[in-house]
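Visitor: Contents are PDB, C-alpha atoms, pLDDT in the B column; file name work_23.pdb:
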```pdb
ATOM      1  CA  MET H   1      16.667 -22.811  -1.755  1.00 39.00           C
ATOM      2  CA  ALA H   2      15.138 -25.897  -0.152  1.00 42.00           C
ATOM      3  CA  LEU H   3      18.583 -26.952   1.063  1.00 36.00           C
ATOM      4  CA  LEU H   4      19.181 -23.489   2.489  1.00 39.00           C
ATOM      5  CA  ARG H   5      15.798 -23.515   4.214  1.00 41.00           C
ATOM      6  CA  SER H   6      16.418 -26.986   5.647  1.00 37.00           C
ATOM      7  CA  PHE H   7      19.839 -25.993   6.916  1.00 35.00           C
ATOM      8  CA  SER H   8      18.731 -22.713   8.462  1.00 39.00           C
ATOM      9  CA  SER H   9      15.607 -24.159  10.031  1.00 39.00           C
ATOM     10  CA  ALA H  10      17.717 -26.834  11.706  1.00 38.00           C
ATOM     11  CA  SER H  11      19.555 -24.129  13.629  1.00 41.00           C
ATOM     12  CA  SER H  12      16.410 -22.452  15.009  1.00 49.00           C
ATOM     13  CA  GLY H  13      13.858 -25.214  14.680  1.00 63.00           C
ATOM     14  CA  MET H  14      11.580 -23.009  12.571  1.00 82.00           C
ATOM     15  CA  GLY H  15      11.548 -22.713   8.797  1.00 89.00           C
ATOM     16  CA  VAL H  16      10.432 -19.796   6.673  1.00 92.00           C
ATOM     17  CA  ALA H  17       8.091 -20.484   3.756  1.00 90.00           C
ATOM     18  CA  ASP H  18       9.571 -19.366   0.423  1.00 89.00           C
ATOM     19  CA  HIS H  19       6.688 -17.004  -0.282  1.00 94.00           C
ATOM     20  CA  CYS H  20       7.374 -14.981   2.891  1.00 96.00           C
ATOM     21  CA  LYS H  21      10.484 -13.364   1.477  1.00 95.00           C
ATOM     22  CA  GLY H  22       8.867 -12.849  -1.933  1.00 96.00           C
ATOM     23  CA  THR H  23       5.865 -11.145  -0.355  1.00 98.00           C
ATOM     24  CA  PHE H  24       8.184  -8.917   1.686  1.00 98.00           C
ATOM     25  CA  LEU H  25      10.144  -7.980  -1.457  1.00 97.00           C
ATOM     26  CA  ASN H  26       6.877  -7.087  -3.210  1.00 97.00           C
ATOM     27  CA  LEU H  27       6.100  -4.700  -0.349  1.00 98.00           C
ATOM     28  CA  GLN H  28       9.623  -3.292  -0.207  1.00 97.00           C
ATOM     29  CA  ARG H  29      10.461  -2.885  -3.887  1.00 96.00           C
ATOM     30  CA  LYS H  30       7.145  -2.754  -5.717  1.00 96.00           C
ATOM     31  CA  LYS H  31       5.005  -1.159  -2.986  1.00 96.00           C
ATOM     32  CA  ALA H  32       2.444  -3.894  -3.720  1.00 97.00           C
ATOM     33  CA  HIS H  33       1.217  -4.075  -0.092  1.00 98.00           C
ATOM     34  CA  ARG H  34       0.759  -1.679   2.827  1.00 98.00           C
ATOM     35  CA  TYR H  35       1.389  -4.501   5.295  1.00 98.00           C
ATOM     36  CA  VAL H  36       2.009  -8.228   5.605  1.00 98.00           C
ATOM     37  CA  VAL H  37       0.978 -10.347   8.591  1.00 98.00           C
ATOM     38  CA  PHE H  38       2.896 -13.573   9.173  1.00 98.00           C
ATOM     39  CA  LYS H  39       2.021 -16.467  11.445  1.00 97.00           C
ATOM     40  CA  ILE H  40       3.770 -19.609  12.562  1.00 97.00           C
ATOM     41  CA  ASP H  41       2.145 -22.721  11.153  1.00 95.00           C
ATOM     42  CA  GLU H  42       2.885 -25.170  13.961  1.00 91.00           C
ATOM     43  CA  LYS H  43       1.946 -28.221  11.878  1.00 93.00           C
ATOM     44  CA  ARG H  44       4.403 -27.313   9.107  1.00 92.00           C
ATOM     45  CA  ASN H  45       6.881 -25.807  11.590  1.00 93.00           C
ATOM     46  CA  GLU H  46       7.403 -22.688   9.489  1.00 95.00           C
ATOM     47  CA  VAL H  47       6.466 -19.040   9.202  1.00 97.00           C
ATOM     48  CA  ILE H  48       3.841 -18.367   6.521  1.00 97.00           C
ATOM     49  CA  VAL H  49       2.028 -15.322   5.121  1.00 98.00           C
ATOM     50  CA  GLU H  50      -1.377 -15.012   6.774  1.00 98.00           C
ATOM     51  CA  LYS H  51      -2.623 -11.761   5.226  1.00 98.00           C
ATOM     52  CA  THR H  52      -1.532  -8.900   3.013  1.00 98.00           C
ATOM     53  CA  GLY H  53      -3.049  -5.435   3.068  1.00 98.00           C
ATOM     54  CA  GLY H  54      -3.567  -3.427  -0.105  1.00 97.00           C
ATOM     55  CA  THR H  55      -1.776  -0.130  -0.600  1.00 96.00           C
ATOM     56  CA  ALA H  56      -4.981   1.828   0.070  1.00 96.00           C
ATOM     57  CA  GLU H  57      -5.509   0.182   3.466  1.00 97.00           C
ATOM     58  CA  SER H  58      -5.041   2.274   6.594  1.00 96.00           C
ATOM     59  CA  PHE H  59      -3.150   1.741   9.824  1.00 97.00           C
ATOM     60  CA  ASP H  60      -6.509   0.937  11.453  1.00 97.00           C
ATOM     61  CA  ASP H  61      -7.030  -1.835   8.877  1.00 98.00           C
ATOM     62  CA  PHE H  62      -3.598  -3.174   9.780  1.00 98.00           C
ATOM     63  CA  MET H  63      -4.355  -3.122  13.510  1.00 98.00           C
ATOM     64  CA  ALA H  64      -7.671  -4.905  12.888  1.00 98.00           C
ATOM     65  CA  SER H  65      -5.768  -7.700  11.109  1.00 98.00           C
ATOM     66  CA  LEU H  66      -3.761  -8.525  14.256  1.00 98.00           C
ATOM     67  CA  PRO H  67      -5.481 -11.018  16.566  1.00 98.00           C
ATOM     68  CA  GLU H  68      -6.326  -9.818  20.073  1.00 96.00           C
ATOM     69  CA  ASN H  69      -5.196 -13.046  21.733  1.00 97.00           C
ATOM     70  CA  ASP H  70      -2.465 -14.605  19.570  1.00 98.00           C
ATOM     71  CA  CYS H  71       1.040 -13.702  18.462  1.00 98.00           C
ATOM     72  CA  ARG H  72       2.078 -12.625  14.956  1.00 98.00           C
ATOM     73  CA  TYR H  73       4.934 -11.057  13.063  1.00 98.00           C
ATOM     74  CA  ALA H  74       4.106  -8.191  10.743  1.00 98.00           C
ATOM     75  CA  ILE H  75       5.694  -5.764   8.331  1.00 98.00           C
ATOM     76  CA  TYR H  76       4.194  -2.296   7.926  1.00 98.00           C
ATOM     77  CA  ASP H  77       5.212   0.179   5.232  1.00 98.00           C
ATOM     78  CA  PHE H  78       4.812   3.574   6.887  1.00 97.00           C
ATOM     79  CA  ASP H  79       4.555   6.569   4.531  1.00 95.00           C
ATOM     80  CA  PHE H  80       5.069  10.069   5.876  1.00 93.00           C
ATOM     81  CA  VAL H  81       6.089  13.592   4.868  1.00 92.00           C
ATOM     82  CA  THR H  82       9.214  15.148   6.409  1.00 90.00           C
ATOM     83  CA  GLU H  83       9.491  18.701   7.721  1.00 90.00           C
ATOM     84  CA  GLU H  84      11.192  19.505   4.403  1.00 94.00           C
ATOM     85  CA  ASN H  85       7.989  18.330   2.659  1.00 95.00           C
ATOM     86  CA  CYS H  86       9.600  15.177   1.225  1.00 95.00           C
ATOM     87  CA  GLN H  87       7.586  11.973   0.860  1.00 95.00           C
ATOM     88  CA  LYS H  88       9.354   9.142   2.733  1.00 95.00           C
ATOM     89  CA  SER H  89       8.676   5.528   3.597  1.00 96.00           C
ATOM     90  CA  LYS H  90      10.041   3.379   6.426  1.00 97.00           C
ATOM     91  CA  ILE H  91       9.489  -0.349   6.876  1.00 98.00           C
ATOM     92  CA  PHE H  92       8.703  -1.600  10.371  1.00 98.00           C
ATOM     93  CA  PHE H  93       9.044  -5.172  11.614  1.00 98.00           C
ATOM     94  CA  ILE H  94       6.524  -5.797  14.376  1.00 98.00           C
ATOM     95  CA  ALA H  95       6.612  -8.648  16.856  1.00 98.00           C
ATOM     96  CA  TRP H  96       3.019  -8.772  18.134  1.00 98.00           C
ATOM     97  CA  SER H  97       2.714 -10.733  21.370  1.00 98.00           C
ATOM     98  CA  PRO H  98      -0.428  -9.804  23.335  1.00 97.00           C
ATOM     99  CA  ALA H  99      -0.237 -10.332  27.080  1.00 95.00           C
ATOM    100  CA  VAL H 100      -3.259 -12.669  26.874  1.00 96.00           C
ATOM    101  CA  SER H 101      -1.584 -15.014  24.346  1.00 97.00           C
ATOM    102  CA  ARG H 102      -0.838 -18.612  25.247  1.00 96.00           C
ATOM    103  CA  ILE H 103       2.553 -19.043  26.915  1.00 96.00           C
ATOM    104  CA  ARG H 104       3.540 -21.604  24.258  1.00 95.00           C
ATOM    105  CA  ALA H 105       2.783 -19.120  21.452  1.00 96.00           C
ATOM    106  CA  LYS H 106       4.791 -16.367  23.160  1.00 96.00           C
ATOM    107  CA  MET H 107       7.763 -18.703  23.562  1.00 96.00           C
ATOM    108  CA  LEU H 108       7.543 -19.968  19.976  1.00 95.00           C
ATOM    109  CA  TYR H 109       7.389 -16.478  18.486  1.00 97.00           C
ATOM    110  CA  ALA H 110      10.116 -15.136  20.790  1.00 96.00           C
ATOM    111  CA  THR H 111      12.568 -17.928  19.962  1.00 95.00           C
ATOM    112  CA  SER H 112      11.920 -17.731  16.205  1.00 95.00           C
ATOM    113  CA  LYS H 113      11.900 -13.939  15.829  1.00 96.00           C
ATOM    114  CA  ASP H 114      15.596 -13.258  15.161  1.00 94.00           C
ATOM    115  CA  ARG H 115      15.863 -16.041  12.609  1.00 92.00           C
ATOM    116  CA  PHE H 116      12.791 -14.801  10.728  1.00 96.00           C
ATOM    117  CA  ARG H 117      13.785 -11.126  11.031  1.00 95.00           C
ATOM    118  CA  ARG H 118      17.153 -11.853   9.362  1.00 93.00           C
ATOM    119  CA  GLU H 119      15.287 -13.094   6.268  1.00 93.00           C
ATOM    120  CA  LEU H 120      13.780  -9.639   5.768  1.00 96.00           C
ATOM    121  CA  ASP H 121      16.673  -7.489   4.599  1.00 95.00           C
ATOM    122  CA  GLY H 122      15.726  -3.820   4.399  1.00 95.00           C
ATOM    123  CA  VAL H 123      13.624  -3.346   7.529  1.00 97.00           C
ATOM    124  CA  HIS H 124      14.317   0.050   9.097  1.00 97.00           C
ATOM    125  CA  TYR H 125      12.825  -0.322  12.574  1.00 97.00           C
ATOM    126  CA  GLU H 126      11.614  -3.061  14.892  1.00 97.00           C
ATOM    127  CA  ILE H 127       8.818  -2.809  17.433  1.00 97.00           C
ATOM    128  CA  GLN H 128       7.874  -5.357  20.096  1.00 97.00           C
ATOM    129  CA  ALA H 129       4.273  -4.825  21.184  1.00 97.00           C
ATOM    130  CA  THR H 130       2.105  -6.562  23.769  1.00 97.00           C
ATOM    131  CA  ASP H 131      -0.959  -4.322  23.398  1.00 95.00           C
ATOM    132  CA  THR H 132      -2.338  -1.599  21.134  1.00 93.00           C
ATOM    133  CA  SER H 133      -0.874   1.234  23.246  1.00 93.00           C
ATOM    134  CA  GLU H 134       2.616   0.050  22.262  1.00 95.00           C
ATOM    135  CA  LEU H 135       1.680  -0.079  18.579  1.00 95.00           C
ATOM    136  CA  ASP H 136      -0.010   3.225  17.857  1.00 93.00           C
ATOM    137  CA  ILE H 137       0.452   5.267  14.670  1.00 95.00           C
ATOM    138  CA  GLU H 138       2.207   7.904  16.810  1.00 94.00           C
ATOM    139  CA  VAL H 139       4.788   5.308  17.908  1.00 94.00           C
ATOM    140  CA  LEU H 140       5.647   4.669  14.248  1.00 95.00           C
ATOM    141  CA  ARG H 141       5.691   8.391  13.478  1.00 93.00           C
ATOM    142  CA  GLU H 142       8.105   9.099  16.357  1.00 94.00           C
ATOM    143  CA  ARG H 143      10.445   6.276  15.336  1.00 94.00           C
ATOM    144  CA  ALA H 144      10.424   7.276  11.661  1.00 91.00           C
ATOM    145  CA  HIS H 145      11.392  10.901  12.268  1.00 82.00           C
TER     146      HIS H 145
END
```
Take the structure in this file and express it as structure tokens.
Guide:
Amino acid sequence: MALLRSFSSASSGMGVADHCKGTFLNLQRKKAHRYVVFKIDEKRNEVIVEKTGGTAESFDDFMASLPENDCRYAIYDFDFVTEENCQKSKIFFIAWSPAVSRIRAKMLYATSKDRFRRELDGVHYEIQATDTSELDIEVLRERAH
């Protein structure tokens, strides 16, 4: 795994900490988390898990975990009921890049996004958001249906 990480990070310049994929799999397969927030650790030059949200946490809790003035990646497990009254779940990858973020942070997150996103097999939808109006619960609901 370390060899794979070293090889793949050489191509994009940014590594992915081993626990990122494991945490994602816990959300995806075991429903252990409602959401996961990832950040780039510039000193270690890799994406790391910053925060996980428990299954009882709400979308508002998730939004409160995103910084107002810095970029993040996030995964959100959106549960909903279809018109046929079936319980469903869709996993969203979110690239959070507030307009007020530092230019360097925006560039770093933008250039590393595709590489990191490929590590997370099983994401249904992707959202790029620069403010809360682009990342509202209704946006997720519309995409999921």
Visitor: Set the distance at 8 Å and use only C-alpha atoms: which residues neighbour range 93-107 of chain H once local chain neighbours fewer than 4 positions away are removed? I'd like the list as a list of chain:residue names.
Guide: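 Close residues of range 93-107 of chain H: H:Leu66, H:Glu68, H:Asn69, H:Asp70, H:Cys71, H:Arg72, H:Tyr73, H:Ala74, H:Ile75, H:Tyr76, H:Thr111, H:Lys113, H:Arg117, H:Val123, H:His124, H:Tyr125, H:Glu126, H:Ile127, H:Gln128, H:Ala129, H:Thr130, H:Asp131.
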Visitor: I'd like the contact shell of Glu50 in chain H - 7 Å cut-off, all atoms listed in the file, skipping same-chain residues fewer than 3 positions apart - returned as a PDB file with C-alpha atoms, in the frame of the given file.
Guide:
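Dumped everything to selection.pdb:
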```
ATOM      1  CA  VAL H  37       0.978 -10.347   8.591  1.00 98.00           C
ATOM      2  CA  PHE H  38       2.896 -13.573   9.173  1.00 98.00           C
ATOM      3  CA  LYS H  39       2.021 -16.467  11.445  1.00 97.00           C
TER       4      LYS H  39
END
```
Visitor: Find the residue from H:Asp18, H:Asp60, H:Asp77, H:Glu134 that sits nearest to Val36 in chain H; use all atoms listed in the file when measuring.
Guide: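 Among the listed residues, the smallest separation from Val36 in chain H belongs to H:Asp77.
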Visitor: Apply the PyMOL selection byres ((chain H and resi 86-89) around 12) to the file shown and report the selected residues as a tab-separated table (two decimals) with C-alpha atoms, in the frame of the given file.
Guide:
```
chain	number	residue	atom	x	y	z
H	27	LEU	CA	6.10	-4.70	-0.35
H	28	GLN	CA	9.62	-3.29	-0.21
H	29	ARG	CA	10.46	-2.88	-3.89
H	31	LYS	CA	5.00	-1.16	-2.99
H	34	ARG	CA	0.76	-1.68	2.83
H	76	TYR	CA	4.19	-2.30	7.93
H	77	ASP	CA	5.21	0.18	5.23
H	78	PHE	CA	4.81	3.57	6.89
H	79	ASP	CA	4.56	6.57	4.53
H	80	PHE	CA	5.07	10.07	5.88
H	81	VAL	CA	6.09	13.59	4.87
H	82	THR	CA	9.21	15.15	6.41
H	83	GLU	CA	9.49	18.70	7.72
H	84	GLU	CA	11.19	19.50	4.40
H	85	ASN	CA	7.99	18.33	2.66
H	90	LYS	CA	10.04	3.38	6.43
H	91	ILE	CA	9.49	-0.35	6.88
H	92	PHE	CA	8.70	-1.60	10.37
H	122	GLY	CA	15.73	-3.82	4.40
H	123	VAL	CA	13.62	-3.35	7.53
H	124	HIS	CA	14.32	0.05	9.10
H	125	TYR	CA	12.82	-0.32	12.57
H	140	LEU	CA	5.65	4.67	14.25
H	141	ARG	CA	5.69	8.39	13.48
H	143	ARG	CA	10.44	6.28	15.34
H	144	ALA	CA	10.42	7.28	11.66
H	145	HIS	CA	11.39	10.90	12.27
```
Visitor: Taking the file as shown, find all residues satisfying the PyMOL selection byres ((chain H and resi 55) around 6) and write them as a list of chain:residue names.
Guide: H:His33, H:Arg34, H:Gly54, H:Ala56, H:Glu57
Visitor: Pull out every residue that the PyMOL selection byres ((chain H and resi 42) around 12) matches in the shown coordinates and put them as a list in words.
Guide: Gly13, Met14, Gly15, Val16, Lys39, Ile40, Asp41, Lys43, Arg44, Asn45, Glu46, Val47, Ile48, Arg104, Ala105, Leu108, Tyr109 and Ser112 of chain H
Visitor: Hey, can you check how far CA of Ile137 in chain H sits from CA of Ala17 in chain H?
Guide: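 That distance, rounded to one decimal, is 29.0 Å.
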Visitor: Could you tell me how far CA of Asp136 in chain H lies from CA of Met63 in chain H, in Å and to one decimal?
Guide: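 Value for the CA of Asp136 in chain H-CA of Met63 in chain H distance: 8.8 Å.
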Visitor: Kindly give the distance, in Å, that separates CA of Ser133 in chain H and CA of Phe62 in chain H, rounded to a single decimal.
Guide: 14.4 Å
Visitor: Ranking H:Leu135, H:Phe59, H:Glu142, H:Glu119 by minimum distance to Leu25 in chain H and counting all atoms listed in the file, which one comes first?
Guide: H:Glu119
Visitor: Provide range 101-112 of chain H rebuilt to all heavy atoms, formatted as a JSON list (two decimals), in the coordinates of the input.
Guide:
```json
[["chain", "number", "residue", "atom", "x", "y", "z"],
["H", 101, "SER", "N", -1.92, -13.87, 25.21],
["H", 101, "SER", "CA", -1.58, -15.01, 24.35],
["H", 101, "SER", "C", -1.18, -16.22, 25.19],
["H", 101, "SER", "O", -0.74, -16.07, 26.33],
["H", 101, "SER", "CB", -0.40, -14.68, 23.44],
["H", 101, "SER", "OG", -0.68, -13.59, 22.63],
["H", 102, "ARG", "N", -1.30, -17.40, 24.57],
["H", 102, "ARG", "CA", -0.84, -18.61, 25.25],
["H", 102, "ARG", "C", 0.68, -18.52, 25.48],
["H", 102, "ARG", "O", 1.40, -17.99, 24.64],
["H", 102, "ARG", "CB", -1.11, -19.85, 24.38],
["H", 102, "ARG", "CG", -2.56, -20.15, 24.10],
["H", 102, "ARG", "CD", -2.72, -21.28, 23.10],
["H", 102, "ARG", "NE", -2.05, -20.92, 21.84],
["H", 102, "ARG", "CZ", -1.27, -21.74, 21.12],
["H", 102, "ARG", "NH1", -1.06, -22.97, 21.49],
["H", 102, "ARG", "NH2", -0.71, -21.33, 20.00],
["H", 103, "ILE", "N", 1.12, -19.04, 26.58],
["H", 103, "ILE", "CA", 2.55, -19.04, 26.92],
["H", 103, "ILE", "C", 3.35, -19.74, 25.81],
["H", 103, "ILE", "O", 4.39, -19.25, 25.38],
["H", 103, "ILE", "CB", 2.81, -19.75, 28.27],
["H", 103, "ILE", "CG1", 2.11, -19.02, 29.41],
["H", 103, "ILE", "CG2", 4.30, -19.89, 28.53],
["H", 103, "ILE", "CD1", 2.71, -17.70, 29.79],
["H", 104, "ARG", "N", 2.84, -20.87, 25.32],
["H", 104, "ARG", "CA", 3.54, -21.60, 24.26],
["H", 104, "ARG", "C", 3.73, -20.74, 23.01],
["H", 104, "ARG", "O", 4.79, -20.73, 22.41],
["H", 104, "ARG", "CB", 2.76, -22.88, 23.92],
["H", 104, "ARG", "CG", 3.35, -23.64, 22.74],
["H", 104, "ARG", "CD", 2.66, -24.98, 22.51],
["H", 104, "ARG", "NE", 2.92, -25.54, 21.21],
["H", 104, "ARG", "CZ", 4.09, -25.99, 20.79],
["H", 104, "ARG", "NH1", 5.15, -25.93, 21.58],
["H", 104, "ARG", "NH2", 4.23, -26.49, 19.58],
["H", 105, "ALA", "N", 2.69, -19.99, 22.63],
["H", 105, "ALA", "CA", 2.78, -19.12, 21.45],
["H", 105, "ALA", "C", 3.82, -18.03, 21.68],
["H", 105, "ALA", "O", 4.64, -17.74, 20.80],
["H", 105, "ALA", "CB", 1.43, -18.51, 21.13],
["H", 106, "LYS", "N", 3.81, -17.42, 22.85],
["H", 106, "LYS", "CA", 4.79, -16.37, 23.16],
["H", 106, "LYS", "C", 6.21, -16.91, 23.06],
["H", 106, "LYS", "O", 7.09, -16.25, 22.50],
["H", 106, "LYS", "CB", 4.55, -15.81, 24.57],
["H", 106, "LYS", "CG", 3.31, -14.97, 24.69],
["H", 106, "LYS", "CD", 3.22, -14.47, 26.12],
["H", 106, "LYS", "CE", 1.87, -13.90, 26.43],
["H", 106, "LYS", "NZ", 1.77, -13.44, 27.80],
["H", 107, "MET", "N", 6.43, -18.09, 23.60],
["H", 107, "MET", "CA", 7.76, -18.70, 23.56],
["H", 107, "MET", "C", 8.17, -19.02, 22.12],
["H", 107, "MET", "O", 9.30, -18.75, 21.71],
["H", 107, "MET", "CB", 7.80, -19.98, 24.41],
["H", 107, "MET", "CG", 7.60, -19.76, 25.88],
["H", 107, "MET", "SD", 9.00, -18.90, 26.62],
["H", 107, "MET", "CE", 10.22, -20.17, 26.54],
["H", 108, "LEU", "N", 7.26, -19.59, 21.36],
["H", 108, "LEU", "CA", 7.54, -19.97, 19.98],
["H", 108, "LEU", "C", 7.90, -18.74, 19.13],
["H", 108, "LEU", "O", 8.89, -18.75, 18.39],
["H", 108, "LEU", "CB", 6.33, -20.69, 19.40],
["H", 108, "LEU", "CG", 6.49, -21.37, 18.06],
["H", 108, "LEU", "CD1", 7.60, -22.42, 18.10],
["H", 108, "LEU", "CD2", 5.17, -22.03, 17.65],
["H", 109, "TYR", "N", 7.13, -17.69, 19.26],
["H", 109, "TYR", "CA", 7.39, -16.48, 18.49],
["H", 109, "TYR", "C", 8.67, -15.78, 18.96],
["H", 109, "TYR", "O", 9.44, -15.29, 18.14],
["H", 109, "TYR", "CB", 6.19, -15.52, 18.54],
["H", 109, "TYR", "CG", 5.12, -15.88, 17.53],
["H", 109, "TYR", "CD1", 4.22, -16.90, 17.77],
["H", 109, "TYR", "CD2", 5.04, -15.19, 16.33],
["H", 109, "TYR", "CE1", 3.25, -17.25, 16.84],
["H", 109, "TYR", "CE2", 4.07, -15.53, 15.39],
["H", 109, "TYR", "CZ", 3.18, -16.55, 15.65],
["H", 109, "TYR", "OH", 2.23, -16.88, 14.71],
["H", 110, "ALA", "N", 8.91, -15.78, 20.26],
["H", 110, "ALA", "CA", 10.12, -15.14, 20.79],
["H", 110, "ALA", "C", 11.39, -15.85, 20.33],
["H", 110, "ALA", "O", 12.36, -15.21, 19.93],
["H", 110, "ALA", "CB", 10.06, -15.09, 22.31],
["H", 111, "THR", "N", 11.36, -17.18, 20.33],
["H", 111, "THR", "CA", 12.57, -17.93, 19.96],
["H", 111, "THR", "C", 12.80, -17.96, 18.45],
["H", 111, "THR", "O", 13.92, -18.20, 18.01],
["H", 111, "THR", "CB", 12.52, -19.38, 20.49],
["H", 111, "THR", "OG1", 11.36, -20.03, 20.00],
["H", 111, "THR", "CG2", 12.52, -19.40, 22.01],
["H", 112, "SER", "N", 11.78, -17.70, 17.66],
["H", 112, "SER", "CA", 11.92, -17.73, 16.20],
["H", 112, "SER", "C", 12.12, -16.35, 15.59],
["H", 112, "SER", "O", 12.44, -16.24, 14.41],
["H", 112, "SER", "CB", 10.66, -18.36, 15.59],
["H", 112, "SER", "OG", 10.44, -19.63, 16.12]]
```
